[in-house]
>>> print(open('structure-v4.txt').read())   # compact mmCIF, C-alpha atoms
# COMPACT_ATOMS: atom_id res chain seq x y z
CA MET P 1 0.00 0.00 0.00
CA ALA P 2 1.20 3.51 -0.78
CA SER P 3 2.70 5.54 2.00
CA THR P 4 0.43 8.15 3.52
CA THR P 5 3.19 10.34 4.90
CA GLN P 6 2.63 13.97 3.99
CA THR P 7 5.44 15.90 2.35
CA GLN P 8 6.06 19.53 3.18
CA ILE P 9 7.09 22.05 0.55
CA ARG P 10 10.74 22.92 1.18
CA PRO P 11 11.97 24.79 -1.90
CA ARG P 12 15.64 23.85 -1.60
CA ALA P 13 14.91 20.17 -0.95
CA LEU P 14 12.34 20.15 -3.74
CA LEU P 15 14.86 21.64 -6.16
CA HIS P 16 17.38 18.92 -5.27
CA ALA P 17 14.74 16.19 -5.56
CA SER P 18 13.81 17.52 -9.00
CA GLY P 19 17.34 17.03 -10.34
CA GLY P 20 19.15 20.12 -9.09
CA PRO P 21 19.47 23.74 -10.27
CA ARG P 22 21.07 22.97 -13.65
CA TYR P 23 18.40 20.47 -14.50
CA ALA P 24 15.67 22.94 -13.47
CA VAL P 25 17.19 25.53 -15.81
CA ALA P 26 17.38 22.91 -18.57
CA LEU P 27 13.70 22.05 -18.11
CA THR P 28 12.75 25.73 -18.25
CA VAL P 29 14.77 26.43 -21.41
CA ASP P 30 13.48 23.27 -23.08
CA ALA P 31 9.86 24.12 -22.21
CA ILE P 32 10.15 27.68 -23.51
CA GLY P 33 11.68 26.39 -26.75
CA THR P 34 8.89 23.83 -27.12
CA GLY P 35 6.27 26.49 -26.41
CA LEU P 36 7.76 28.71 -29.12
CA LEU P 37 7.15 26.20 -31.90
CA ARG P 38 4.96 23.21 -31.00
CA PRO P 39 1.61 25.06 -30.92
CA PHE P 40 2.43 26.66 -34.28
CA LEU P 41 3.97 23.69 -36.10
CA LEU P 42 0.84 23.28 -38.21
CA LEU P 43 0.99 26.98 -39.10
CA TYR P 44 4.66 26.59 -40.07
CA GLY P 45 3.71 23.83 -42.48
CA ALA P 46 0.86 25.86 -43.94
CA MET P 47 2.33 29.39 -43.98
CA VAL P 48 6.04 28.80 -44.55
CA LEU P 49 6.09 25.54 -46.50
CA ARG P 50 2.76 26.10 -48.31
CA LEU P 51 1.43 22.66 -47.42
CA SER P 52 -2.27 21.93 -47.14
CA ALA P 53 -3.69 21.55 -43.63
CA PRO P 54 -4.40 17.82 -44.15
CA GLU P 55 -0.81 17.22 -45.35
CA ALA P 56 0.65 18.98 -42.32
CA GLY P 57 -1.78 17.28 -39.94
CA ILE P 58 -1.02 13.80 -41.27
CA ALA P 59 2.72 14.46 -40.95
CA MET P 60 2.33 15.55 -37.32
CA THR P 61 0.19 12.51 -36.51
CA PHE P 62 2.81 10.26 -38.13
CA GLY P 63 5.46 11.81 -35.87
CA ILE P 64 3.39 11.10 -32.76
CA VAL P 65 2.76 7.48 -33.79
CA VAL P 66 6.43 6.78 -34.53
CA GLY P 67 7.37 8.42 -31.23
CA LEU P 68 5.04 6.03 -29.40
CA LEU P 69 6.46 3.03 -31.26
CA CYS P 70 9.94 3.98 -30.00
CA MET P 71 8.89 3.80 -26.33
CA PRO P 72 9.75 0.10 -25.74
CA ALA P 73 13.33 0.75 -26.87
CA VAL P 74 13.48 3.85 -24.64
CA GLY P 75 12.29 1.77 -21.69
CA ARG P 76 15.05 -0.80 -22.24
CA TRP P 77 17.64 1.99 -22.51
CA LEU P 78 16.47 3.45 -19.20
CA ASP P 79 16.67 0.05 -17.54
CA ARG P 80 20.33 -0.17 -18.53
CA GLY P 81 20.90 2.70 -16.10
CA ALA P 82 20.74 5.72 -18.40
CA ARG P 83 18.87 8.72 -17.02
CA SER P 84 20.12 12.23 -17.88
CA THR P 85 21.56 10.85 -21.13
CA VAL P 86 18.09 9.79 -22.31
CA VAL P 87 16.56 13.15 -21.36
CA ALA P 88 19.35 14.96 -23.24
CA ALA P 89 18.86 12.65 -26.22
CA SER P 90 15.15 13.52 -26.34
CA MET P 91 16.17 17.16 -26.66
CA LEU P 92 18.85 16.53 -29.28
CA VAL P 93 16.44 14.51 -31.41
CA ARG P 94 14.18 17.56 -31.49
CA VAL P 95 17.16 19.67 -32.55
CA LEU P 96 17.46 17.43 -35.62
CA GLY P 97 13.76 17.88 -36.24
CA VAL P 98 13.86 21.67 -36.13
CA VAL P 99 17.05 21.84 -38.26
CA LEU P 100 15.35 19.64 -40.84
CA LEU P 101 12.29 21.87 -40.62
CA LEU P 102 14.42 24.93 -41.42
CA ALA P 103 16.02 23.11 -44.36
CA THR P 104 12.69 21.98 -45.84
CA PRO P 105 11.83 23.81 -49.10
CA GLU P 106 8.33 24.95 -49.94
CA GLY P 107 5.96 22.17 -50.90
CA SER P 108 8.10 19.32 -49.55
CA ALA P 109 5.67 17.23 -47.53
CA GLU P 110 8.24 14.41 -47.26
CA LEU P 111 10.87 16.49 -45.44
CA PHE P 112 8.22 18.11 -43.24
CA THR P 113 7.10 14.59 -42.30
CA MET P 114 10.67 13.64 -41.38
CA ALA P 115 10.99 16.77 -39.26
CA ALA P 116 7.70 15.97 -37.52
CA LEU P 117 8.98 12.43 -36.95
CA PHE P 118 12.08 13.60 -35.06
CA LEU P 119 10.03 16.11 -33.08
CA GLY P 120 7.47 13.41 -32.26
CA VAL P 121 10.13 10.98 -31.06
CA GLY P 122 11.66 13.61 -28.79
CA ASN P 123 8.30 14.76 -27.42
CA GLN P 124 7.18 11.20 -26.61
CA THR P 125 10.53 10.14 -25.12
CA TRP P 126 10.89 13.08 -22.74
CA PRO P 127 8.13 12.35 -20.16
CA ALA P 128 9.27 8.80 -19.38
CA ALA P 129 12.94 9.79 -19.29
CA HIS P 130 12.25 12.75 -17.02
CA ALA P 131 10.14 10.65 -14.64
CA ALA P 132 12.90 8.01 -14.47
CA LEU P 133 15.51 10.67 -13.68
CA VAL P 134 13.42 12.16 -10.87
CA ALA P 135 12.67 8.67 -9.49
CA THR P 136 16.41 8.06 -9.32
CA VAL P 137 17.28 11.15 -7.28
CA ALA P 138 14.14 11.31 -5.10
CA HIS P 139 12.04 8.75 -3.25
CA GLY P 140 8.68 8.40 -1.56
CA ARG P 141 6.42 11.39 -1.33
CA GLU P 142 9.32 13.74 -2.04
CA ARG P 143 9.47 12.16 -5.50
CA ASP P 144 5.75 12.86 -6.00
CA ALA P 145 6.28 16.53 -5.16
CA ALA P 146 9.30 16.69 -7.46
CA LEU P 147 7.31 15.22 -10.37
CA ALA P 148 4.57 17.77 -9.70
CA ALA P 149 7.14 20.59 -9.61
CA GLY P 150 8.55 19.45 -12.95
CA ARG P 151 5.09 19.55 -14.51
CA ALA P 152 4.37 23.01 -13.09
CA LEU P 153 7.72 24.32 -14.33
CA ARG P 154 7.18 22.82 -17.78
CA ASN P 155 3.69 24.29 -18.08
CA ALA P 156 5.06 27.70 -17.11
CA GLY P 157 7.75 27.44 -19.76
CA LEU P 158 5.32 26.22 -22.41
CA GLY P 159 2.95 29.07 -21.61
CA ALA P 160 5.73 31.66 -21.72
CA GLY P 161 7.04 30.30 -25.01
CA ALA P 162 3.58 30.22 -26.59
CA LEU P 163 2.93 33.79 -25.42
CA LEU P 164 6.18 35.00 -26.95
CA ALA P 165 5.42 33.16 -30.17
CA THR P 166 1.93 34.67 -30.33
CA VAL P 167 3.41 38.14 -30.08
CA CYS P 168 5.93 37.35 -32.81
CA LEU P 169 3.37 35.91 -35.23
CA ALA P 170 2.63 39.39 -36.53
CA GLY P 171 5.94 39.07 -38.41
CA GLY P 172 4.53 36.33 -40.67
CA THR P 173 6.73 33.65 -42.21
CA THR P 174 9.97 35.39 -41.23
CA ALA P 175 8.88 35.33 -37.59
CA LEU P 176 8.01 31.63 -37.78
CA ARG P 177 11.45 30.80 -39.18
CA SER P 178 13.05 32.91 -36.45
CA LEU P 179 11.06 31.05 -33.81
CA ALA P 180 12.34 27.77 -35.22
CA VAL P 181 15.95 29.02 -34.97
CA VAL P 182 15.45 30.12 -31.36
CA THR P 183 13.84 26.76 -30.59
CA THR P 184 16.91 24.96 -31.96
CA LEU P 185 19.21 26.99 -29.73
CA ALA P 186 16.98 26.39 -26.72
CA TYR P 187 17.03 22.63 -27.25
CA LEU P 188 20.82 22.64 -27.63
CA VAL P 189 21.32 24.60 -24.40
CA ALA P 190 18.84 22.40 -22.54
CA ALA P 191 20.50 19.20 -23.80
CA ALA P 192 23.96 20.40 -22.76
CA LEU P 193 22.75 21.34 -19.28
CA THR P 194 20.91 18.05 -18.86
CA TRP P 195 23.88 15.98 -20.01
CA SER P 196 26.11 17.81 -17.51
CA VAL P 197 23.89 16.66 -14.62
CA ARG P 198 25.15 13.07 -15.20
CA VAL P 199 22.48 11.09 -13.37
CA HIS P 200 22.74 7.31 -13.77
CA ALA P 201 21.12 4.34 -12.07
CA ARG P 202 22.41 0.86 -11.39
CA PRO P 203 21.47 -1.21 -14.46
CA ALA P 204 19.33 -4.32 -14.13
CA SER P 205 21.34 -7.52 -13.66
CA PRO P 206 21.15 -10.21 -16.36
CA ALA P 207 19.35 -12.49 -13.88
CA ALA P 208 16.69 -9.85 -13.23
CA VAL P 209 16.22 -9.29 -16.95
CA ALA P 210 15.76 -13.05 -17.43
CA VAL P 211 13.12 -13.17 -14.68
CA VAL P 212 11.23 -10.29 -16.29
CA ALA P 213 11.44 -11.92 -19.71
CA GLU P 214 9.93 -15.12 -18.27
CA GLY P 215 7.16 -13.11 -16.61
CA GLY P 216 7.84 -14.52 -13.14
CA GLY P 217 9.21 -13.52 -9.78
CA ALA P 218 8.05 -11.06 -7.17
CA GLU P 219 10.15 -8.34 -8.74
CA SER P 220 8.91 -8.75 -12.32
CA ALA P 221 7.19 -5.93 -14.14
CA PRO P 222 3.76 -5.42 -12.54
CA ARG P 223 0.65 -6.20 -14.55
CA MET P 224 -1.08 -2.86 -15.02
CA GLY P 225 -3.38 -3.51 -17.96
CA ALA P 226 -6.45 -2.03 -16.26
CA LEU P 227 -4.51 0.98 -14.99
CA LEU P 228 -2.97 1.68 -18.40
CA ALA P 229 -6.32 1.28 -20.17
CA ALA P 230 -7.91 3.66 -17.67
CA ASN P 231 -5.07 6.12 -18.21
CA VAL P 232 -5.95 6.36 -21.91
CA ILE P 233 -9.36 7.75 -20.90
CA TYR P 234 -7.95 9.93 -18.13
CA ALA P 235 -5.54 11.54 -20.62
CA PHE P 236 -8.50 12.95 -22.56
CA CYS P 237 -8.79 15.65 -19.86
CA LEU P 238 -5.49 17.16 -21.01
CA ASN P 239 -7.02 18.04 -24.39
CA VAL P 240 -10.41 19.27 -23.15
CA PRO P 241 -9.32 22.94 -22.62
CA GLU P 242 -7.48 23.05 -25.97
CA ILE P 243 -9.88 21.11 -28.22
CA ALA P 244 -13.30 20.27 -26.77
CA LEU P 245 -14.10 23.60 -25.12
CA PRO P 246 -13.06 25.85 -28.06
CA LEU P 247 -14.95 23.52 -30.41
CA VAL P 248 -18.14 23.79 -28.34
CA LEU P 249 -17.86 27.48 -27.46
CA VAL P 250 -16.96 28.86 -30.88
CA THR P 251 -18.55 26.52 -33.42
CA GLN P 252 -21.66 25.39 -31.55
CA MET P 253 -22.48 28.10 -29.02
CA HIS P 254 -21.14 30.90 -31.26
CA ALA P 255 -19.51 32.53 -28.24
CA SER P 256 -16.60 34.94 -28.51
CA PRO P 257 -13.18 33.28 -28.96
CA MET P 258 -12.19 35.32 -25.91
CA TRP P 259 -13.82 32.69 -23.68
CA SER P 260 -11.60 29.94 -25.11
CA ALA P 261 -8.52 32.10 -24.52
CA VAL P 262 -9.60 32.89 -20.94
CA ILE P 263 -10.16 29.22 -20.16
CA PHE P 264 -6.77 28.21 -21.63
CA VAL P 265 -4.90 30.93 -19.70
CA ALA P 266 -6.75 30.09 -16.47
CA ASN P 267 -5.93 26.40 -16.94
CA THR P 268 -2.23 27.17 -17.38
CA VAL P 269 -2.08 29.54 -14.39
CA LEU P 270 -3.90 27.10 -12.12
CA VAL P 271 -1.64 24.20 -13.10
CA VAL P 272 1.51 26.26 -12.59
CA THR P 273 0.46 27.65 -9.20
CA LEU P 274 -1.45 24.72 -7.70
CA GLN P 275 0.15 21.52 -9.06
CA VAL P 276 2.71 21.22 -6.27
CA PRO P 277 0.53 22.41 -3.33
CA VAL P 278 -2.38 20.13 -4.31
CA THR P 279 -0.06 17.15 -4.80
CA VAL P 280 1.54 17.75 -1.40
CA LEU P 281 -1.84 18.25 0.27
CA LEU P 282 -3.13 14.94 -1.10
CA SER P 283 0.05 13.05 -0.18
CA ARG P 284 -1.60 11.98 3.09
CA PHE P 285 -3.81 9.63 1.05
CA PRO P 286 -2.86 6.52 -0.98
CA ARG P 287 -1.93 7.36 -4.55
CA ARG P 288 -4.45 4.95 -6.04
CA SER P 289 -7.26 6.53 -4.02
CA VAL P 290 -6.21 9.99 -5.19
CA LEU P 291 -6.27 8.82 -8.81
CA VAL P 292 -9.81 7.51 -8.29
CA VAL P 293 -10.78 10.91 -6.84
CA ALA P 294 -9.31 12.56 -9.94
CA GLY P 295 -11.63 10.44 -12.08
CA ALA P 296 -14.60 11.43 -9.93
CA VAL P 297 -13.75 15.13 -10.19
CA LEU P 298 -13.30 14.91 -13.96
CA THR P 299 -16.59 13.03 -14.29
CA ALA P 300 -18.35 15.75 -12.26
CA SER P 301 -16.82 18.45 -14.45
CA TYR P 302 -18.00 16.75 -17.66
CA LEU P 303 -21.52 16.55 -16.23
CA GLY P 304 -21.11 20.21 -15.27
CA PHE P 305 -20.29 21.09 -18.89
CA LEU P 306 -23.40 19.19 -19.97
CA ALA P 307 -25.49 21.30 -17.60
CA ALA P 308 -23.70 24.55 -18.52
CA VAL P 309 -24.32 24.30 -22.26
CA SER P 310 -28.06 23.90 -21.63
CA ILE P 311 -28.26 27.28 -19.90
CA GLY P 312 -29.56 30.28 -21.82
CA HIS P 313 -27.28 31.84 -24.43
CA ASP P 314 -26.11 34.79 -22.32
CA TRP P 315 -24.95 32.67 -19.38
CA ALA P 316 -23.78 29.49 -21.09
CA ALA P 317 -20.23 30.65 -21.90
CA PRO P 318 -19.54 32.04 -18.38
CA ALA P 319 -20.95 28.82 -16.91
CA VAL P 320 -18.63 26.73 -19.08
CA ALA P 321 -15.70 28.88 -17.93
CA VAL P 322 -16.61 28.31 -14.28
CA VAL P 323 -16.93 24.54 -14.74
CA SER P 324 -13.56 24.50 -16.52
CA VAL P 325 -11.94 25.36 -13.19
CA LEU P 326 -13.32 22.10 -11.75
CA CYS P 327 -12.00 20.24 -14.81
CA THR P 328 -8.56 21.79 -14.25
CA PHE P 329 -8.58 20.62 -10.63
CA GLY P 330 -9.33 17.12 -11.88
CA GLU P 331 -6.41 17.41 -14.29
CA ILE P 332 -4.11 18.58 -11.50
CA ILE P 333 -5.11 15.69 -9.22
CA TYR P 334 -4.69 13.21 -12.07
CA ALA P 335 -1.28 14.54 -13.12
CA GLY P 336 -0.04 14.57 -9.53
CA SER P 337 -1.02 10.97 -8.82
CA ALA P 338 -0.82 8.93 -12.04
CA THR P 339 2.93 9.00 -12.75
CA ALA P 340 3.65 8.89 -9.02
CA LEU P 341 1.55 5.71 -8.67
CA VAL P 342 3.31 4.05 -11.61
CA THR P 343 6.79 4.84 -10.25
CA ALA P 344 5.74 3.53 -6.82
CA LEU P 345 4.44 0.25 -8.29
CA ALA P 346 7.44 -0.44 -10.53
CA PRO P 347 10.46 -2.39 -9.23
CA ALA P 348 13.64 -0.39 -9.78
CA HIS P 349 15.15 -2.70 -12.40
CA VAL P 350 12.10 -2.41 -14.70
CA LEU P 351 11.24 1.21 -13.98
CA GLY P 352 12.13 2.31 -17.51
CA ARG P 353 9.94 -0.27 -19.20
CA VAL P 354 7.01 0.42 -16.89
CA LEU P 355 7.27 4.19 -17.48
CA ALA P 356 7.53 3.54 -21.22
CA ARG P 357 4.30 1.53 -21.10
CA PHE P 358 2.64 4.31 -19.13
CA GLN P 359 3.78 6.96 -21.63
CA LEU P 360 2.51 4.73 -24.42
CA SER P 361 -0.96 4.79 -22.86
CA THR P 362 -0.82 8.55 -22.21
CA GLY P 363 0.45 9.31 -25.70
CA PHE P 364 -2.19 7.08 -27.25
CA GLY P 365 -4.91 8.87 -25.28
CA LEU P 366 -3.59 12.27 -26.40
CA ALA P 367 -3.32 11.06 -30.01
CA VAL P 368 -6.85 9.68 -30.29
CA SER P 369 -8.64 12.26 -28.15
CA PRO P 370 -8.82 15.00 -30.85
CA ALA P 371 -10.46 12.58 -33.27
CA ALA P 372 -12.78 11.23 -30.58
CA LEU P 373 -13.78 14.67 -29.29
CA THR P 374 -14.41 16.10 -32.76
CA ALA P 375 -16.39 12.97 -33.72
CA LEU P 376 -18.64 13.13 -30.63
CA ALA P 377 -19.27 16.88 -30.67
CA PRO P 378 -21.55 16.99 -33.77
CA HIS P 379 -23.88 14.48 -32.11
CA GLY P 380 -24.77 16.94 -29.35
CA PRO P 381 -23.78 17.72 -25.75
CA VAL P 382 -25.11 14.43 -24.35
CA ALA P 383 -22.93 12.40 -26.71
CA LEU P 384 -19.82 14.50 -25.98
CA TRP P 385 -20.02 15.25 -22.27
CA GLY P 386 -22.11 12.23 -21.34
CA GLY P 387 -19.71 9.97 -23.22
CA LEU P 388 -16.69 11.52 -21.51
CA ALA P 389 -18.35 11.27 -18.10
CA ALA P 390 -19.31 7.61 -18.58
CA GLY P 391 -15.87 6.65 -19.91
CA THR P 392 -14.01 8.48 -17.13
CA LEU P 393 -16.23 7.01 -14.41
CA LEU P 394 -15.60 3.54 -15.81
CA ALA P 395 -11.85 4.27 -15.85
CA ALA P 396 -11.98 5.42 -12.21
CA CYS P 397 -13.76 2.19 -11.25
CA ALA P 398 -11.07 0.19 -13.04
CA VAL P 399 -8.36 2.01 -11.07
CA ALA P 400 -10.22 1.42 -7.81
CA ALA P 401 -10.54 -2.29 -8.58
>>> encode(input="structure-v4.txt", output="structure tokens")
Amino acid sequence: MASTTQTQIRPRALLHASGGPRYAVALTVDAIGTGLLRPFLLLYGAMVLRLSAPEAGIAMTFGIVVGLLCMPAVGRWLDRGARSTVVAASMLVRVLGVVLLLATPEGSAELFTMAALFLGVGNQTWPAAHAALVATVAHGRERDAALAAGRALRNAGLGAGALLATVCLAGGTTALRSLAVVTTLAYLVAAALTWSVRVHARPASPAAVAVVAEGGGAESAPRMGALLAANVIYAFCLNVPEIALPLVLVTQMHASPMWSAVIFVANTVLVVTLQVPVTVLLSRFPRRSVLVVAGAVLTASYLGFLAAVSIGHDWAAPAVAVVSVLCTFGEIIYAGSATALVTALAPAHVLGRVLARFQLSTGFGLAVSPAALTALAPHGPVALWGGLAAGTLLAACAVAA
């Protein structure tokens, strides 16, 4: 059973548990660089390279899929003891992607696809590698707080980068190319700082690897099929503020786009400011129970959206904005408990493979959620929000069981 000892927020100890000052700077630089380009990669393909939106979208999806397919190999690399090296490699792979993006001539869908592939591999590799690094330098509830701090720091960097990029977009294609150059430099700096941290773990012994391969022994990789399947549904919440709410507010409710922007900014601010305090506050409870609570909160928020959209036209958009705060709290609780639970369940010698499986489920949920959300939305609020509520409640029950 998970420990119920509560962790206090001690900034210096938290910084050390998160990988140290250099690693914190590396995370910040990497997040800002990612925020500069990732939200506008589709625009780069359309505005700079003159590709059609479907061509650019298919290339980006291909990159995500290939990135997910690489996760088993990443897990095995982590279990050989690599930690900071894998994180740095995830950043360097993205450097190759952005350099290839800058070298792509107009109309070349093939090279844009290759660039998206490298970016996808780096983006999918990073979460598992980062979690493994933190799990190596921190333990127990201190590790949970450190993982939460890393997420808060990354969201802050992503938000800052996206804000800077939005301001620069007035410069057109020249600005987009400049953003790509700055992103390349950011990834290089972040990779160098991460590599200099030099965090390694004791690799799994050949005997332990043999036991895992045979599927036996008390220390073999835990069976987490139900948890991983539930995580696919949980991960939908991460795309609700960016996809589902703008889709409903703008295209169906014909509300001002301002409401979508307000909700997105509020989501980012709440995650940055509350991720660590909420995770620490809930550390007195078992991680599995907290993850079940996250499912209950998300389910309640989806039902809240269903009720909000049925309100009269003048009050529907503000009601959706209010309910979005509850959805963000569900996201915060989920993010603070899911990875922490997985790292607590995994034996040390298979930590990499277990985290790779977990990232595979998260990445799959993030990859399919846009298609699922946009497919459900035309069928009405009951299909969209009722479907999300039912699926999330079922996932929470699976976690509880």
>>> closest_residue(input="structure-v4.txt", among="P:Leu270, P:Ser301, P:Met224, P:Val399", to="Ser289 of chain P", atoms="all atoms listed in the file")
P:Val399
>>> atom_distance(input="structure-v4.txt", atom1="atom CA of Leu298 of chain P", atom2="atom CA of Leu360 of chain P")
21.5 Å
>>> closest_atom_pairs(input="structure-v4.txt", of="segment 311-387 of chain P", to="segment 227-235 of chain P", cutoff="12 Å", atoms="all atoms listed in the file", output="Markdown table")
| residue | atom | partner | partner_atom | distance |
| --- | --- | --- | --- | --- |
| P:Cys327 | CA | P:Tyr234 | CA | 11.6 |
| P:Gly330 | CA | P:Tyr234 | CA | 9.6 |
| P:Glu331 | CA | P:Tyr234 | CA | 8.5 |
| P:Ile332 | CA | P:Tyr234 | CA | 11.6 |
| P:Ile333 | CA | P:Tyr234 | CA | 11.0 |
| P:Tyr334 | CA | P:Tyr234 | CA | 7.6 |
| P:Ala335 | CA | P:Ala235 | CA | 9.1 |
| P:Ser337 | CA | P:Asn231 | CA | 11.3 |
| P:Ala338 | CA | P:Asn231 | CA | 8.0 |
| P:Thr339 | CA | P:Asn231 | CA | 10.1 |
| P:Leu341 | CA | P:Leu227 | CA | 10.0 |
| P:Val342 | CA | P:Leu227 | CA | 9.1 |
| P:Leu345 | CA | P:Leu227 | CA | 11.2 |
| P:Val354 | CA | P:Leu228 | CA | 10.2 |
| P:Leu355 | CA | P:Leu228 | CA | 10.6 |
| P:Ala356 | CA | P:Leu228 | CA | 11.0 |
| P:Arg357 | CA | P:Leu228 | CA | 7.8 |
| P:Phe358 | CA | P:Leu228 | CA | 6.2 |
| P:Gln359 | CA | P:Leu228 | CA | 9.2 |
| P:Leu360 | CA | P:Leu228 | CA | 8.7 |
| P:Ser361 | CA | P:Val232 | CA | 5.3 |
| P:Thr362 | CA | P:Val232 | CA | 5.6 |
| P:Gly363 | CA | P:Val232 | CA | 8.0 |
| P:Phe364 | CA | P:Val232 | CA | 6.6 |
| P:Gly365 | CA | P:Val232 | CA | 4.3 |
| P:Leu366 | CA | P:Ala235 | CA | 6.1 |
| P:Ala367 | CA | P:Ala235 | CA | 9.7 |
| P:Val368 | CA | P:Val232 | CA | 9.1 |
| P:Ser369 | CA | P:Ala235 | CA | 8.2 |
| P:Pro370 | CA | P:Ala235 | CA | 11.3 |
| P:Ala372 | CA | P:Ile233 | CA | 10.8 |
| P:Leu373 | CA | P:Ile233 | CA | 11.7 |
| P:Gly387 | CA | P:Ile233 | CA | 10.8 |
>>> atom_distance(input="structure-v4.txt", atom1="atom CA of Pro72 of chain P", atom2="atom CA of Thr125 of chain P")
10.1 Å
>>> residues_around(input="structure-v4.txt", residues="segment 88-96 of chain P", least_positions_apart="5", cutoff="8 Å", atoms="all atoms listed in the file", output="list in words")
Asp30, Ala115, Phe118, Leu119, Gly120, Val121, Gly122, Asn123, Thr125, Trp126, Thr184, Tyr187, Leu188, Ala190, Ala191, Ala192, Thr194 and Trp195 of chain P
>>> residues_around(input="structure-v4.txt", residues="segment 248-250 of chain P", least_positions_apart="3", cutoff="8 Å", atoms="all atoms listed in the file", output="mmCIF file with C-alpha atoms, in the coordinates of the input")
data_model
loop_
_atom_site.group_PDB
_atom_site.id
_atom_site.type_symbol
_atom_site.label_atom_id
_atom_site.label_comp_id
_atom_site.auth_asym_id
_atom_site.auth_seq_id
_atom_site.Cartn_x
_atom_site.Cartn_y
_atom_site.Cartn_z
ATOM 1 C CA ALA P 244 -13.300 20.270 -26.770
ATOM 2 C CA LEU P 245 -14.100 23.600 -25.120
ATOM 3 C CA MET P 253 -22.480 28.100 -29.020
ATOM 4 C CA HIS P 254 -21.140 30.900 -31.260
ATOM 5 C CA ALA P 255 -19.510 32.530 -28.240
ATOM 6 C CA SER P 256 -16.600 34.940 -28.510
ATOM 7 C CA PRO P 257 -13.180 33.280 -28.960
ATOM 8 C CA TRP P 259 -13.820 32.690 -23.680
ATOM 9 C CA SER P 260 -11.600 29.940 -25.110
ATOM 10 C CA ALA P 317 -20.230 30.650 -21.900
ATOM 11 C CA ALA P 377 -19.270 16.880 -30.670
#
>>> atom_distance(input="structure-v4.txt", atom1="atom CA of Thr374 of chain P", atom2="atom CA of Cys70 of chain P")
27.3 Å
>>> closest_atom_pairs(input="structure-v4.txt", of="segment 41-146 of chain P", to="segment 164-181 of chain P", cutoff="10 Å", atoms="only C-alpha atoms", output="tab-separated table")
residue	atom	partner	partner_atom	distance
P:Leu41	CA	P:Leu176	CA	9.1
P:Leu43	CA	P:Leu176	CA	8.5
P:Tyr44	CA	P:Leu176	CA	6.5
P:Ala46	CA	P:Thr173	CA	9.9
P:Met47	CA	P:Thr173	CA	6.4
P:Val48	CA	P:Thr173	CA	5.4
P:Leu49	CA	P:Thr173	CA	9.2
P:Val95	CA	P:Val181	CA	9.7
P:Val98	CA	P:Ala180	CA	6.4
P:Val99	CA	P:Val181	CA	8.0
P:Leu101	CA	P:Ala180	CA	8.0
P:Leu102	CA	P:Arg177	CA	6.9
>>> closest_residue(input="structure-v4.txt", among="P:Gly97, P:Gly150, P:Pro246, P:Pro381", to="Tyr23 of chain P", atoms="only C-alpha atoms")
P:Gly150
>>> residues_around(input="structure-v4.txt", residues="segment 261-269 of chain P", least_positions_apart="3", cutoff="8 Å", atoms="only C-alpha atoms", output="list of chain:residue names")
P:Asn155, P:Ala156, P:Gly159, P:Pro241, P:Glu242, P:Pro257, P:Met258, P:Val272, P:Thr273, P:Ala321, P:Ser324, P:Val325, P:Thr328
>>> closest_atom_pairs(input="structure-v4.txt", of="segment 284-364 of chain P", to="segment 132-136 of chain P", cutoff="8 Å", atoms="all atoms listed in the file", output="tab-separated table")
residue	atom	partner	partner_atom	distance
P:Thr343	CA	P:Ala135	CA	7.1
P:Leu351	CA	P:Ala132	CA	7.0
P:Gly352	CA	P:Ala132	CA	6.5
P:Leu355	CA	P:Ala132	CA	7.4
>>> closest_residue(input="structure-v4.txt", among="P:Ala146, P:Ala13, P:Val290, P:Ala300", to="Gly386 of chain P", atoms="all atoms listed in the file")
P:Ala300
>>> closest_residue(input="structure-v4.txt", among="P:Thr183, P:Ser18, P:Ser196, P:Thr299", to="Gly35 of chain P", atoms="all atoms listed in the file")
P:Thr183
>>> residues_near_point(input="structure-v4.txt", point="(-18.8, 16.1, -17.2)", cutoff="10 Å", atoms="only C-alpha atoms", output="PyMOL selection string")
chain P and resi 296-308+323-324+326-327+382+384-390+392-393
>>> write_last_selection(input="structure-v4.txt", atoms="C-alpha atoms", output="short mmCIF file (atom, residue, chain, number, x, y, z; two decimals), keeping the file's coordinate frame")
data_model
loop_
_atom_site.label_atom_id
_atom_site.label_comp_id
_atom_site.auth_asym_id
_atom_site.auth_seq_id
_atom_site.Cartn_x
_atom_site.Cartn_y
_atom_site.Cartn_z
CA ALA P 296 -14.60 11.43 -9.93
CA VAL P 297 -13.75 15.13 -10.19
CA LEU P 298 -13.30 14.91 -13.96
CA THR P 299 -16.59 13.03 -14.29
CA ALA P 300 -18.35 15.75 -12.26
CA SER P 301 -16.82 18.45 -14.45
CA TYR P 302 -18.00 16.75 -17.66
CA LEU P 303 -21.52 16.55 -16.23
CA GLY P 304 -21.11 20.21 -15.27
CA PHE P 305 -20.29 21.09 -18.89
CA LEU P 306 -23.40 19.19 -19.97
CA ALA P 307 -25.49 21.30 -17.60
CA ALA P 308 -23.70 24.55 -18.52
CA VAL P 323 -16.93 24.54 -14.74
CA SER P 324 -13.56 24.50 -16.52
CA LEU P 326 -13.32 22.10 -11.75
CA CYS P 327 -12.00 20.24 -14.81
CA VAL P 382 -25.11 14.43 -24.35
CA LEU P 384 -19.82 14.50 -25.98
CA TRP P 385 -20.02 15.25 -22.27
CA GLY P 386 -22.11 12.23 -21.34
CA GLY P 387 -19.71 9.97 -23.22
CA LEU P 388 -16.69 11.52 -21.51
CA ALA P 389 -18.35 11.27 -18.10
CA ALA P 390 -19.31 7.61 -18.58
CA THR P 392 -14.01 8.48 -17.13
CA LEU P 393 -16.23 7.01 -14.41
#
>>> residues_around(input="structure-v4.txt", residues="segment 51-58 of chain P", least_positions_apart="4", cutoff="10 Å", atoms="only C-alpha atoms", output="PyMOL selection string")
chain P and resi 41-47+62-64+106-110+112-113+116
